[in-house]
Each structure stands twice: as structure tokens, then as C-alpha cells.
>>> print(open('work.txt').read())   # compact mmCIF, C-alpha atoms
# COMPACT_ATOMS: atom_id res chain seq x y z
CA MET A 264 -60.02 -131.46 68.28
CA ALA A 265 -58.72 -128.63 70.44
CA ALA A 266 -56.52 -126.00 68.74
CA THR A 267 -52.90 -125.93 69.94
CA GLY A 268 -49.99 -123.44 69.81
CA CYS A 269 -51.89 -120.30 68.69
CA ALA A 270 -55.05 -120.68 70.71
CA TRP A 271 -56.10 -117.51 72.65
CA SER A 272 -58.52 -117.42 75.52
CA LYS A 273 -61.55 -115.14 75.42
CA GLY A 274 -59.88 -112.83 77.93
CA GLN A 275 -56.76 -112.53 75.79
CA VAL A 276 -58.84 -111.65 72.73
CA LEU A 277 -60.72 -108.94 74.63
CA TYR A 278 -57.43 -107.52 75.92
CA ARG A 279 -55.91 -107.39 72.43
CA CYS A 280 -58.96 -105.64 71.01
CA SER A 281 -58.87 -103.07 73.80
CA THR A 282 -55.17 -102.38 73.14
CA LEU A 283 -55.77 -101.93 69.42
CA ARG A 284 -58.66 -99.49 70.07
CA GLN A 285 -56.43 -97.39 72.37
CA ALA A 286 -53.62 -97.29 69.81
CA ALA A 287 -56.06 -96.28 67.06
CA ARG A 288 -57.47 -93.51 69.27
CA ARG A 289 -53.98 -92.11 70.02
CA PHE A 290 -53.09 -92.17 66.30
CA SER A 291 -56.31 -90.35 65.41
CA GLU A 292 -55.77 -87.71 68.09
CA SER A 293 -52.16 -87.09 67.01
CA ASN A 294 -53.26 -86.69 63.40
CA ASP A 295 -56.04 -84.31 64.41
CA LYS A 296 -53.55 -82.18 66.34
CA GLY A 297 -51.17 -82.17 63.40
CA TRP A 298 -53.96 -81.11 61.04
CA PHE A 299 -55.15 -78.41 63.44
CA ARG A 300 -51.62 -77.08 63.95
CA SER A 301 -51.01 -76.97 60.21
CA LEU A 302 -53.72 -74.33 59.86
CA PHE A 303 -51.47 -71.88 61.72
CA VAL A 304 -48.08 -72.75 60.22
CA HIS A 305 -46.77 -70.11 57.82
CA LYS A 306 -46.61 -71.60 54.34
CA VAL A 307 -44.06 -70.52 51.76
CA ASP A 308 -45.36 -70.41 48.22
CA ALA A 309 -43.33 -72.11 45.53
CA ARG A 310 -41.37 -69.51 43.56
CA LYS A 311 -39.76 -69.67 40.15
CA ASP A 312 -36.98 -67.15 40.67
CA ALA A 313 -33.57 -66.99 42.34
CA HIS A 314 -33.61 -66.32 46.08
CA SER A 315 -31.32 -63.32 45.56
CA ASN A 316 -33.92 -61.68 43.29
CA LEU A 317 -36.73 -62.26 45.78
CA LEU A 318 -34.94 -61.18 48.95
CA SER A 319 -32.42 -58.45 48.06
CA LYS A 320 -32.79 -54.72 47.44
CA LYS A 321 -33.18 -54.37 43.67
CA GLU A 322 -33.22 -50.58 43.78
CA THR A 323 -29.68 -50.29 45.19
CA SER A 324 -27.84 -53.21 43.54
CA ASN A 325 -25.36 -53.15 46.40
CA LEU A 326 -22.93 -56.01 46.76
CA TYR A 327 -21.09 -56.58 50.04
CA LYS A 328 -17.85 -58.36 50.84
CA ILE A 329 -17.10 -59.57 54.34
CA GLN A 330 -13.53 -60.44 55.27
CA PHE A 331 -12.35 -62.52 58.23
CA HIS A 332 -8.65 -62.19 58.99
CA ASN A 333 -7.03 -64.30 61.72
CA VAL A 334 -4.03 -62.31 62.93
CA LYS A 335 -0.91 -63.40 64.78
CA PRO A 336 -1.54 -62.30 68.39
CA GLU A 337 1.69 -60.31 68.61
CA CYS A 338 0.90 -58.51 65.32
CA LEU A 339 -2.66 -57.27 65.92
CA GLU A 340 -1.68 -53.67 66.64
CA ALA A 341 0.59 -53.49 63.58
CA TYR A 342 -2.13 -55.11 61.46
CA ASN A 343 -4.75 -52.57 62.57
CA SER A 344 -2.42 -49.69 61.70
CA LEU A 345 -1.73 -51.08 58.22
CA GLU A 346 -5.41 -51.68 57.51
CA ALA A 347 -6.49 -48.25 58.75
CA GLU A 348 -4.09 -46.44 56.42
CA VAL A 349 -5.20 -48.32 53.30
CA GLN A 350 -8.89 -48.40 54.23
CA ASN A 351 -9.02 -44.62 54.58
CA LYS A 352 -7.41 -44.11 51.18
CA LEU A 353 -9.71 -46.53 49.36
CA HIS A 354 -12.80 -45.31 51.18
CA LYS A 355 -12.18 -41.67 50.20
CA ASP A 356 -10.88 -42.25 46.66
CA GLU A 357 -13.75 -41.67 44.21
CA ASN A 358 -11.92 -43.66 41.54
CA TYR A 359 -12.61 -46.85 43.47
CA PRO A 360 -16.32 -47.88 43.53
CA CYS A 361 -16.10 -49.33 47.03
CA GLU A 362 -16.62 -48.01 50.53
CA LEU A 363 -15.80 -49.34 53.96
CA VAL A 364 -18.95 -50.08 55.96
CA GLY A 365 -17.30 -51.26 59.15
CA SER A 366 -14.10 -52.70 60.59
CA TRP A 367 -13.83 -54.56 63.90
CA ASN A 368 -11.68 -56.70 66.17
CA THR A 369 -13.42 -59.64 67.82
CA TRP A 370 -13.82 -59.21 71.58
CA TYR A 371 -15.79 -62.36 72.41
CA GLY A 372 -15.65 -65.16 69.88
CA GLU A 373 -12.66 -66.14 67.76
CA GLN A 374 -9.74 -64.26 69.30
CA ASP A 375 -7.26 -62.07 67.40
CA GLN A 376 -9.64 -61.83 64.48
CA ALA A 377 -10.37 -58.78 62.33
CA VAL A 378 -13.65 -58.42 60.44
CA HIS A 379 -14.18 -55.96 57.59
CA LEU A 380 -17.37 -55.21 55.67
CA TRP A 381 -17.17 -53.47 52.26
CA ARG A 382 -19.95 -52.16 50.03
CA TYR A 383 -19.78 -52.08 46.23
CA ARG A 384 -22.43 -49.76 44.84
CA GLY A 385 -23.24 -51.14 41.42
CA GLY A 386 -22.92 -54.83 42.23
CA TYR A 387 -20.57 -57.23 40.45
CA PRO A 388 -19.38 -54.72 37.80
CA ALA A 389 -18.24 -52.37 40.59
CA LEU A 390 -16.42 -55.23 42.33
CA THR A 391 -14.68 -56.23 39.09
CA GLU A 392 -13.65 -52.64 38.36
CA CYS A 393 -12.22 -52.22 41.83
CA LEU A 394 -10.23 -55.46 41.69
CA GLN A 395 -8.76 -54.57 38.30
CA LYS A 396 -7.61 -51.18 39.57
CA LEU A 397 -6.10 -52.66 42.72
CA LYS A 398 -4.04 -55.11 40.65
CA ASN A 399 -2.28 -52.12 39.09
CA ASN A 400 -1.91 -50.16 42.33
CA LYS A 401 1.74 -50.59 43.43
CA GLU A 402 1.08 -49.09 46.86
CA TYR A 403 -1.74 -51.56 47.48
CA LEU A 404 0.39 -54.51 46.33
CA GLU A 405 3.10 -53.50 48.79
CA PHE A 406 0.49 -53.24 51.52
CA ARG A 407 -0.66 -56.81 50.82
CA LYS A 408 2.92 -58.08 51.19
CA GLU A 409 3.32 -56.33 54.54
CA ARG A 410 -0.10 -57.45 55.75
CA ALA A 411 0.67 -61.08 54.86
CA LYS A 412 3.44 -61.07 57.46
CA THR A 413 0.86 -60.46 60.21
CA LEU A 414 -1.72 -63.06 59.16
CA ILE A 415 -2.39 -66.68 60.06
CA SER A 416 -5.32 -67.15 57.66
CA ARG A 417 -8.07 -65.24 55.90
CA ARG A 418 -11.36 -65.88 54.14
CA ASN A 419 -14.13 -63.84 52.57
CA GLN A 420 -17.68 -64.05 51.26
CA LEU A 421 -19.84 -62.02 48.90
CA LEU A 422 -23.18 -60.99 50.36
CA LEU A 423 -26.45 -59.31 49.45
CA GLU A 424 -28.55 -57.32 51.92
CA PHE A 425 -32.09 -58.31 52.81
CA SER A 426 -34.65 -55.91 51.35
CA PHE A 427 -36.46 -55.48 54.69
CA TRP A 428 -33.35 -54.71 56.80
CA ASN A 429 -31.83 -51.32 57.53
CA GLU A 430 -29.02 -50.26 55.22
CA PRO A 431 -25.85 -50.01 57.34
CA LEU A 432 -24.94 -46.34 57.69
CA PRO A 433 -22.16 -44.64 59.68
CA ARG A 434 -23.00 -44.09 63.33
CA GLU A 435 -21.32 -42.45 66.26
CA GLY A 436 -20.08 -44.43 69.23
CA PRO A 437 -19.05 -45.80 71.46
CA ASN A 438 -20.86 -49.04 70.63
CA ILE A 439 -20.17 -52.72 70.74
CA TYR A 440 -21.36 -54.80 67.80
CA GLU A 441 -22.82 -58.27 67.75
CA MET A 442 -22.63 -60.38 64.63
CA ARG A 443 -25.02 -63.31 64.75
CA THR A 444 -24.26 -65.92 62.12
CA TYR A 445 -26.91 -68.46 61.07
CA HIS A 446 -26.13 -71.48 58.90
CA LEU A 447 -29.50 -72.43 57.42
CA LYS A 448 -30.72 -75.70 56.00
CA PRO A 449 -30.60 -75.64 52.17
CA GLY A 450 -33.89 -74.51 50.66
CA THR A 451 -35.06 -72.47 53.67
CA MET A 452 -33.82 -68.96 52.79
CA ILE A 453 -37.19 -67.74 51.44
CA GLU A 454 -39.02 -68.96 54.54
CA TRP A 455 -36.40 -67.28 56.74
CA GLY A 456 -36.92 -64.02 54.86
CA ASN A 457 -40.70 -64.24 55.18
CA HIS A 458 -40.50 -64.51 58.97
CA TRP A 459 -37.79 -61.89 59.50
CA ALA A 460 -39.56 -59.36 57.29
CA ARG A 461 -42.08 -59.20 60.14
CA ALA A 462 -39.73 -59.87 63.04
CA ILE A 463 -37.35 -56.97 62.30
CA GLU A 464 -40.12 -54.58 63.35
CA TYR A 465 -39.75 -55.84 66.93
CA ARG A 466 -36.06 -54.85 67.02
CA GLN A 467 -36.07 -51.16 66.06
CA GLU A 468 -36.85 -49.30 69.28
CA ASN A 469 -33.25 -48.81 70.44
CA ASN A 470 -31.79 -48.37 66.96
CA GLU A 471 -29.90 -51.62 67.44
CA ALA A 472 -30.50 -53.06 63.95
CA VAL A 473 -27.49 -52.29 61.71
CA GLY A 474 -27.77 -54.65 58.74
CA GLY A 475 -28.88 -58.08 57.55
CA PHE A 476 -27.14 -60.06 54.80
CA PHE A 477 -27.14 -63.46 53.11
CA SER A 478 -24.29 -65.17 51.29
CA GLN A 479 -23.98 -65.38 47.52
CA ILE A 480 -20.46 -66.72 47.04
CA GLY A 481 -18.54 -68.70 49.63
CA ASP A 482 -20.29 -70.81 52.25
CA LEU A 483 -23.93 -70.77 51.07
CA TYR A 484 -27.15 -70.46 53.08
CA VAL A 485 -25.39 -68.26 55.62
CA VAL A 486 -27.17 -65.27 57.18
CA TYR A 487 -25.47 -62.43 59.07
CA HIS A 488 -27.38 -60.11 61.41
CA LEU A 489 -25.40 -57.13 62.67
CA TRP A 490 -26.55 -55.32 65.84
CA ALA A 491 -25.18 -52.34 67.79
CA TYR A 492 -25.47 -51.84 71.56
CA ALA A 493 -24.12 -49.33 74.04
CA SER A 494 -22.84 -52.15 76.28
CA LEU A 495 -23.26 -55.83 77.07
CA GLN A 496 -25.84 -54.86 79.69
CA SER A 497 -27.75 -52.84 77.09
CA ARG A 498 -27.65 -55.86 74.78
CA GLU A 499 -29.19 -58.08 77.46
CA GLU A 500 -31.94 -55.57 78.27
CA THR A 501 -32.77 -54.94 74.60
CA ARG A 502 -32.97 -58.64 73.78
CA ASN A 503 -35.11 -59.36 76.86
CA SER A 504 -37.54 -56.59 75.94
CA ALA A 505 -38.17 -58.24 72.56
CA TRP A 506 -39.69 -61.24 74.33
CA LEU A 507 -42.31 -58.96 75.90
CA LYS A 508 -43.69 -58.04 72.47
CA GLU A 509 -46.49 -60.12 71.07
CA GLY A 510 -45.31 -61.95 67.96
CA TRP A 511 -41.58 -62.19 68.71
CA ASP A 512 -41.96 -65.65 70.26
CA ALA A 513 -43.70 -66.87 67.09
CA ASN A 514 -40.76 -65.73 64.97
CA VAL A 515 -38.34 -67.70 67.14
CA TYR A 516 -40.64 -70.74 67.09
CA TYR A 517 -40.82 -70.86 63.30
CA THR A 518 -37.22 -69.93 62.45
CA VAL A 519 -35.31 -72.19 64.86
CA PRO A 520 -36.17 -75.34 62.83
CA LEU A 521 -34.60 -73.70 59.75
CA ILE A 522 -31.14 -73.41 61.38
CA ARG A 523 -28.31 -75.96 61.12
CA SER A 524 -26.00 -74.02 63.46
CA MET A 525 -25.53 -70.50 64.80
CA GLU A 526 -22.95 -68.40 66.58
CA SER A 527 -22.55 -64.98 68.15
CA SER A 528 -19.49 -62.72 68.17
CA ILE A 529 -19.05 -59.47 70.06
CA MET A 530 -16.83 -57.01 68.21
CA ILE A 531 -15.17 -53.67 68.94
CA PRO A 532 -14.88 -51.15 66.06
CA THR A 533 -11.42 -50.07 64.98
CA LYS A 534 -10.50 -46.39 64.84
CA SER A 535 -10.99 -46.29 61.06
CA SER A 536 -14.44 -47.87 61.09
CA PRO A 537 -17.39 -45.69 59.93
CA LEU A 538 -19.52 -47.71 62.36
CA GLN A 539 -18.35 -46.62 65.80
>>> encode(input="work.txt", output="C-alpha cells")
Amino acid sequence: MAATGCAWSKGQVLYRCSTLRQAARRFSESNDKGWFRSLFVHKVDARKDAHSNLLSKKETSNLYKIQFHNVKPECLEAYNSLEAEVQNKLHKDENYPCELVGSWNTWYGEQDQAVHLWRYRGGYPALTECLQKLKNNKEYLEFRKERAKTLISRRNQLLLEFSFWNEPLPREGPNIYEMRTYHLKPGTMIEWGNHWARAIEYRQENNEAVGGFFSQIGDLYVVYHLWAYASLQSREETRNSAWLKEGWDANVYYTVPLIRSMESSIMIPTKSSPLQ
């Protein structure tokens, strides 16, 4: 009795077998490529320690605070004057274990924004000591009341500096500063550090590297890279020259998959900023 419904001709069977062989071959080739590529992918060893202990500068124990203040557009000049007066006093007063690293107004990016970077030599104890003293400083409390009248909003983060980056030191100007902010995928900070420990060597020729930091309190898995350039044209030329160096393209290739989002801001230093 002839089979019905599911009967295939000899030609159909041969066609199906040929299709299956082609699919199997493509699967095998893709797996071979994946295996071959894996030989060259940088692996990150499992570590049993906090990221901050593995990536930060243990010998300095510096803690950084970055402040973002969104200012009423009509109050920016008054705000800058208020900040400059207080910043200079705190920066020079040896009784306060803090120092101003840099102070800027955003040029391209979020408008009417002020950014301040503070260093606390001695880590969290220095930060705590400074905050306690400021609570009892009547002049500072009055300053905060006056400053509040000029603000729309403000936020801050506590940061540590990467061990392989330059420590931000005062520099003469005029310069523009670029802050590149990277929001990383959770669990990728060690891998990011491994790649940038090599990549930073490609970005030293024009003295553009200012500092590199990662967040400890606030929005986590955030990285800040701070660069200085003579002009926007100098920035473009310096960045383009990095692509001519063997190895820079590999750093970009391996770090881009670690990023959730990123942004760039161009900032102008205020008159009171040690980074000019």
C-alpha cells in the first residue's frame, strides 16, 4: 500500500540532506571562528577583593568629590563670584584637609552648569573631619544660604583615582577641558582598568591626560576621564593621532562592549581653578 500524507520523493530527500549538511558546515565554521577569536580576547582573572582596592592608588589614599551644580542662567556670574571667594579660603586654609583640584563652567554639554573637583588627602577620615568643621563655620553656612538662591539643582559623587592615571596637578592655561563620562555595565570595572592601564600610554604625548576616576558613592560603575587641550582643534588633532598608534584600536574594540552609555562635556576653567 502506498504511503500517504508524509511521503517524500527521492529528490526531496536528497535536497533535505544537502540543506542539513550546509547548515552543519556553517555552524562548525562559526564555532571555529569563535574558538579562534577567543585565543586573542583579553581575559580577566577572577579576583577576591574589592574593585577599589585593586584599581586605586593605595600609596596616596586620596578621596575625590565631584560636584555638579545647575545654576539659574541669570545667576551664573554671581554664583562664580561666591564660589571663588569660598574656594580660595578653603583651599589655602591648612586646618581643612581638602584642596580644590579644578573648577569649571560647562561650555558644550549641559548649559549653565558648574563642575568642581575636590581632593581629600587621607581618604574618608579627612572628608569627615572637613565636613564636621564646616558645620561649625558660620561664614560657610552663610555662603551656602546665598549660594542656594542661585541654584536649580545639585548633585555629587565620591570618587577614587585609577592607579595608572596621572594625578591631577595645577597647570597653566589657557586650556579647555573635556570630561568624558562612561557608565559601565556592572561587573566590568576590573576589565576596563586592565585595558586602560595599557591604553593611557597612547595619550601622553601632548600632556593632555589630567586624571581618571571611578565612582565609589553615588551612581556606581561610572568612570570619568579628564583631558586638557589648547583648543577644540587641538583636541581633534590629538585624538586623531591616537588612531595612528598601533594598539589604540584594540583598546577601543575591547572597551566599547563594556559601556552602557557615554557622554562628553567641554568645560572652561573658572578664575579660581588651579587647573587653568
>>> closest_residue(input="work.txt", among="A:Val486, A:Val349, A:Ile463, A:Leu363", to="Glu424 (chain A)", atoms="all atoms listed in the file")
A:Val486
>>> closest_atom_pairs(input="work.txt", of="region 366-429 of chain A", to="region 471-480 of chain A", cutoff="8 Å", atoms="only C-alpha atoms", output="tab-separated table")
residue	atom	partner	partner_atom	distance
A:Gln420	CA	A:Ile480	CA	5.7
A:Leu421	CA	A:Ile480	CA	5.1
A:Leu422	CA	A:Ser478	CA	4.4
A:Leu423	CA	A:Phe476	CA	5.4
A:Glu424	CA	A:Phe476	CA	4.2
A:Phe425	CA	A:Phe476	CA	5.6
A:Trp428	CA	A:Gly475	CA	5.6
A:Asn429	CA	A:Gly474	CA	5.4
>>> write_last_selection(input="work.txt", atoms="C-alpha atoms", output="PDB file, keeping the file's coordinate frame")
ATOM      1  CA  GLN A 420     -17.680 -64.050  51.260  1.00  0.00           C
ATOM      2  CA  LEU A 421     -19.840 -62.020  48.900  1.00  0.00           C
ATOM      3  CA  LEU A 422     -23.180 -60.990  50.360  1.00  0.00           C
ATOM      4  CA  LEU A 423     -26.450 -59.310  49.450  1.00  0.00           C
ATOM      5  CA  GLU A 424     -28.550 -57.320  51.920  1.00  0.00           C
ATOM      6  CA  PHE A 425     -32.090 -58.310  52.810  1.00  0.00           C
ATOM      7  CA  TRP A 428     -33.350 -54.710  56.800  1.00  0.00           C
ATOM      8  CA  ASN A 429     -31.830 -51.320  57.530  1.00  0.00           C
TER       9      ASN A 429
END
>>> residues_around(input="work.txt", residues="Glu509 (chain A)", least_positions_apart="3", cutoff="12 Å", atoms="all atoms listed in the file", output="list in words")
Arg461, Ala462, Glu464, Tyr465, Ser504, Ala505, Trp506, Asp512, Ala513, Asn514 and Val515 of chain A
>>> write_last_selection(input="work.txt", atoms="C-alpha atoms", output="short mmCIF file (atom, residue, chain, number, x, y, z; two decimals), keeping the file's coordinate frame")
data_model
loop_
_atom_site.label_atom_id
_atom_site.label_comp_id
_atom_site.auth_asym_id
_atom_site.auth_seq_id
_atom_site.Cartn_x
_atom_site.Cartn_y
_atom_site.Cartn_z
CA ARG A 461 -42.08 -59.20 60.14
CA ALA A 462 -39.73 -59.87 63.04
CA GLU A 464 -40.12 -54.58 63.35
CA TYR A 465 -39.75 -55.84 66.93
CA SER A 504 -37.54 -56.59 75.94
CA ALA A 505 -38.17 -58.24 72.56
CA TRP A 506 -39.69 -61.24 74.33
CA ASP A 512 -41.96 -65.65 70.26
CA ALA A 513 -43.70 -66.87 67.09
CA ASN A 514 -40.76 -65.73 64.97
CA VAL A 515 -38.34 -67.70 67.14
#
>>> residues_around(input="work.txt", residues="Val519 (chain A)", least_positions_apart="3", cutoff="12 Å", atoms="all atoms listed in the file", output="list in words")
Tyr445, His446, Leu447, Lys448, Thr451, Glu454, Trp455, His458, Trp459, Asp512, Ala513, Asn514, Val515, Tyr516, Ile522, Arg523, Ser524 and Met525 of chain A
>>> write_last_selection(input="work.txt", atoms="C-alpha atoms", output="short mmCIF file (atom, residue, chain, number, x, y, z; two decimals), in the coordinates of the input")
data_model
loop_
_atom_site.label_atom_id
_atom_site.label_comp_id
_atom_site.auth_asym_id
_atom_site.auth_seq_id
_atom_site.Cartn_x
_atom_site.Cartn_y
_atom_site.Cartn_z
CA TYR A 445 -26.91 -68.46 61.07
CA HIS A 446 -26.13 -71.48 58.90
CA LEU A 447 -29.50 -72.43 57.42
CA LYS A 448 -30.72 -75.70 56.00
CA THR A 451 -35.06 -72.47 53.67
CA GLU A 454 -39.02 -68.96 54.54
CA TRP A 455 -36.40 -67.28 56.74
CA HIS A 458 -40.50 -64.51 58.97
CA TRP A 459 -37.79 -61.89 59.50
CA ASP A 512 -41.96 -65.65 70.26
CA ALA A 513 -43.70 -66.87 67.09
CA ASN A 514 -40.76 -65.73 64.97
CA VAL A 515 -38.34 -67.70 67.14
CA TYR A 516 -40.64 -70.74 67.09
CA ILE A 522 -31.14 -73.41 61.38
CA ARG A 523 -28.31 -75.96 61.12
CA SER A 524 -26.00 -74.02 63.46
CA MET A 525 -25.53 -70.50 64.80
#
>>> atom_distance(input="work.txt", atom1="CA of Asn438 (chain A)", atom2="CA of Arg417 (chain A)")
25.4 Å
>>> closest_residue(input="work.txt", among="A:Ile329, A:Arg410, A:Cys361, A:Gly372", to="Leu394 (chain A)", atoms="only C-alpha atoms")
A:Cys361
>>> residues_around(input="work.txt", residues="Asp375 (chain A)", least_positions_apart="2", cutoff="9 Å", atoms="all atoms listed in the file", output="NGL selection string")
:A and (332-336 or 339 or 368-370 or 373 or 377)
>>> closest_residue(input="work.txt", among="A:Arg434, A:His379, A:Arg418, A:Lys534", to="Gly365 (chain A)", atoms="only C-alpha atoms")
A:His379
>>> atom_distance(input="work.txt", atom1="CA of Pro520 (chain A)", atom2="CA of Val485 (chain A)")
14.8 Å
>>> residues_around(input="work.txt", residues="Ala341 (chain A)", least_positions_apart="6", cutoff="12 Å", atoms="all atoms listed in the file", output="PyMOL selection string")
chain A and resi 334-335+347-348+409-414
>>> residues_around(input="work.txt", residues="Tyr440 (chain A)", least_positions_apart="2", cutoff="6 Å", atoms="all atoms listed in the file", output="list in words")
Trp490, Ala491, Ile529 and Met530 of chain A
>>> write_last_selection(input="work.txt", atoms="C-alpha atoms", output="PDB file, keeping the file's coordinate frame")
ATOM      1  CA  TRP A 490     -26.550 -55.320  65.840  1.00  0.00           C
ATOM      2  CA  ALA A 491     -25.180 -52.340  67.790  1.00  0.00           C
ATOM      3  CA  ILE A 529     -19.050 -59.470  70.060  1.00  0.00           C
ATOM      4  CA  MET A 530     -16.830 -57.010  68.210  1.00  0.00           C
TER       5      MET A 530
END
>>> atom_distance(input="work.txt", atom1="CA of Ser324 (chain A)", atom2="CA of Arg384 (chain A)")
6.5 Å
>>> closest_residue(input="work.txt", among="A:Glu468, A:Ser535, A:Thr501, A:Gly456", to="Leu353 (chain A)", atoms="all atoms listed in the file")
A:Ser535
>>> axis_aligned_box(input="work.txt", around="region 426-429 of chain A", padding_each_side="4 Å", output="lines of an AutoDock Vina configuration file")
center_x = -34.1
center_y = -53.6
center_z = 54.4
size_x = 12.6
size_y = 12.6
size_z = 14.2
>>> build_atoms(input="work.txt", residues="region 454-463 of chain A", atoms="all heavy atoms", output="CSV table (one decimal), keeping the file's coordinate frame")
chain,number,residue,atom,x,y,z
A,454,GLU,N,-38.2,-68.9,53.3
A,454,GLU,CA,-39.0,-69.0,54.5
A,454,GLU,C,-38.4,-68.1,55.6
A,454,GLU,O,-39.1,-67.4,56.4
A,454,GLU,CB,-39.1,-70.4,55.0
A,454,GLU,CG,-40.2,-70.6,56.1
A,454,GLU,CD,-40.4,-72.1,56.4
A,454,GLU,OE1,-39.8,-72.9,55.7
A,454,GLU,OE2,-41.2,-72.4,57.3
A,455,TRP,N,-37.1,-68.1,55.8
A,455,TRP,CA,-36.4,-67.3,56.7
A,455,TRP,C,-36.7,-65.8,56.5
A,455,TRP,O,-37.0,-65.1,57.4
A,455,TRP,CB,-34.9,-67.5,56.7
A,455,TRP,CG,-34.1,-66.7,57.6
A,455,TRP,CD1,-33.6,-65.4,57.3
A,455,TRP,CD2,-33.6,-67.0,58.9
A,455,TRP,NE1,-32.9,-64.9,58.4
A,455,TRP,CE2,-32.9,-65.9,59.3
A,455,TRP,CE3,-33.7,-68.1,59.7
A,455,TRP,CZ2,-32.3,-65.9,60.6
A,455,TRP,CZ3,-33.1,-68.1,60.9
A,455,TRP,CH2,-32.4,-67.0,61.4
A,456,GLY,N,-36.6,-65.4,55.2
A,456,GLY,CA,-36.9,-64.0,54.9
A,456,GLY,C,-38.3,-63.6,55.2
A,456,GLY,O,-38.6,-62.5,55.6
A,457,ASN,N,-39.3,-64.5,54.9
A,457,ASN,CA,-40.7,-64.2,55.2
A,457,ASN,C,-40.9,-63.9,56.7
A,457,ASN,O,-41.7,-63.0,57.0
A,457,ASN,CB,-41.6,-65.4,54.8
A,457,ASN,CG,-41.7,-65.5,53.3
A,457,ASN,OD1,-41.5,-64.6,52.5
A,457,ASN,ND2,-42.2,-66.7,52.8
A,458,HIS,N,-40.3,-64.7,57.5
A,458,HIS,CA,-40.5,-64.5,59.0
A,458,HIS,C,-39.8,-63.3,59.5
A,458,HIS,O,-40.4,-62.5,60.2
A,458,HIS,CB,-40.0,-65.7,59.7
A,458,HIS,CG,-40.8,-67.0,59.5
A,458,HIS,ND1,-42.2,-67.0,59.8
A,458,HIS,CD2,-40.5,-68.2,59.1
A,458,HIS,CE1,-42.6,-68.2,59.5
A,458,HIS,NE2,-41.6,-69.0,59.1
A,459,TRP,N,-38.5,-63.0,59.0
A,459,TRP,CA,-37.8,-61.9,59.5
A,459,TRP,C,-38.3,-60.6,58.9
A,459,TRP,O,-38.0,-59.5,59.5
A,459,TRP,CB,-36.3,-62.1,59.3
A,459,TRP,CG,-35.6,-62.7,60.4
A,459,TRP,CD1,-35.4,-64.0,60.6
A,459,TRP,CD2,-35.2,-62.0,61.6
A,459,TRP,NE1,-34.8,-64.2,61.9
A,459,TRP,CE2,-34.7,-63.0,62.5
A,459,TRP,CE3,-35.2,-60.7,62.0
A,459,TRP,CZ2,-34.2,-62.7,63.7
A,459,TRP,CZ3,-34.7,-60.4,63.3
A,459,TRP,CH2,-34.2,-61.4,64.1
A,460,ALA,N,-39.0,-60.6,57.8
A,460,ALA,CA,-39.6,-59.4,57.3
A,460,ALA,C,-40.6,-58.8,58.3
A,460,ALA,O,-40.7,-57.6,58.4
A,460,ALA,CB,-40.3,-59.6,55.9
A,461,ARG,N,-41.2,-59.6,59.1
A,461,ARG,CA,-42.1,-59.2,60.1
A,461,ARG,C,-41.3,-59.0,61.4
A,461,ARG,O,-41.5,-58.0,62.2
A,461,ARG,CB,-43.2,-60.2,60.3
A,461,ARG,CG,-44.1,-60.4,59.2
A,461,ARG,CD,-45.3,-61.3,59.5
A,461,ARG,NE,-44.8,-62.7,59.6
A,461,ARG,CZ,-44.8,-63.5,58.6
A,461,ARG,NH1,-45.1,-63.1,57.4
A,461,ARG,NH2,-44.4,-64.8,58.8
A,462,ALA,N,-40.4,-59.9,61.7
A,462,ALA,CA,-39.7,-59.9,63.0
A,462,ALA,C,-38.8,-58.6,63.2
A,462,ALA,O,-38.7,-58.2,64.4
A,462,ALA,CB,-38.9,-61.1,63.2
A,463,ILE,N,-38.3,-58.1,62.2
A,463,ILE,CA,-37.4,-57.0,62.3
A,463,ILE,C,-38.0,-55.8,62.9
A,463,ILE,O,-37.4,-54.9,63.6
A,463,ILE,CB,-36.7,-56.6,60.9
A,463,ILE,CG1,-35.6,-55.6,61.1
A,463,ILE,CG2,-37.8,-56.1,60.0
A,463,ILE,CD1,-34.4,-56.1,61.9
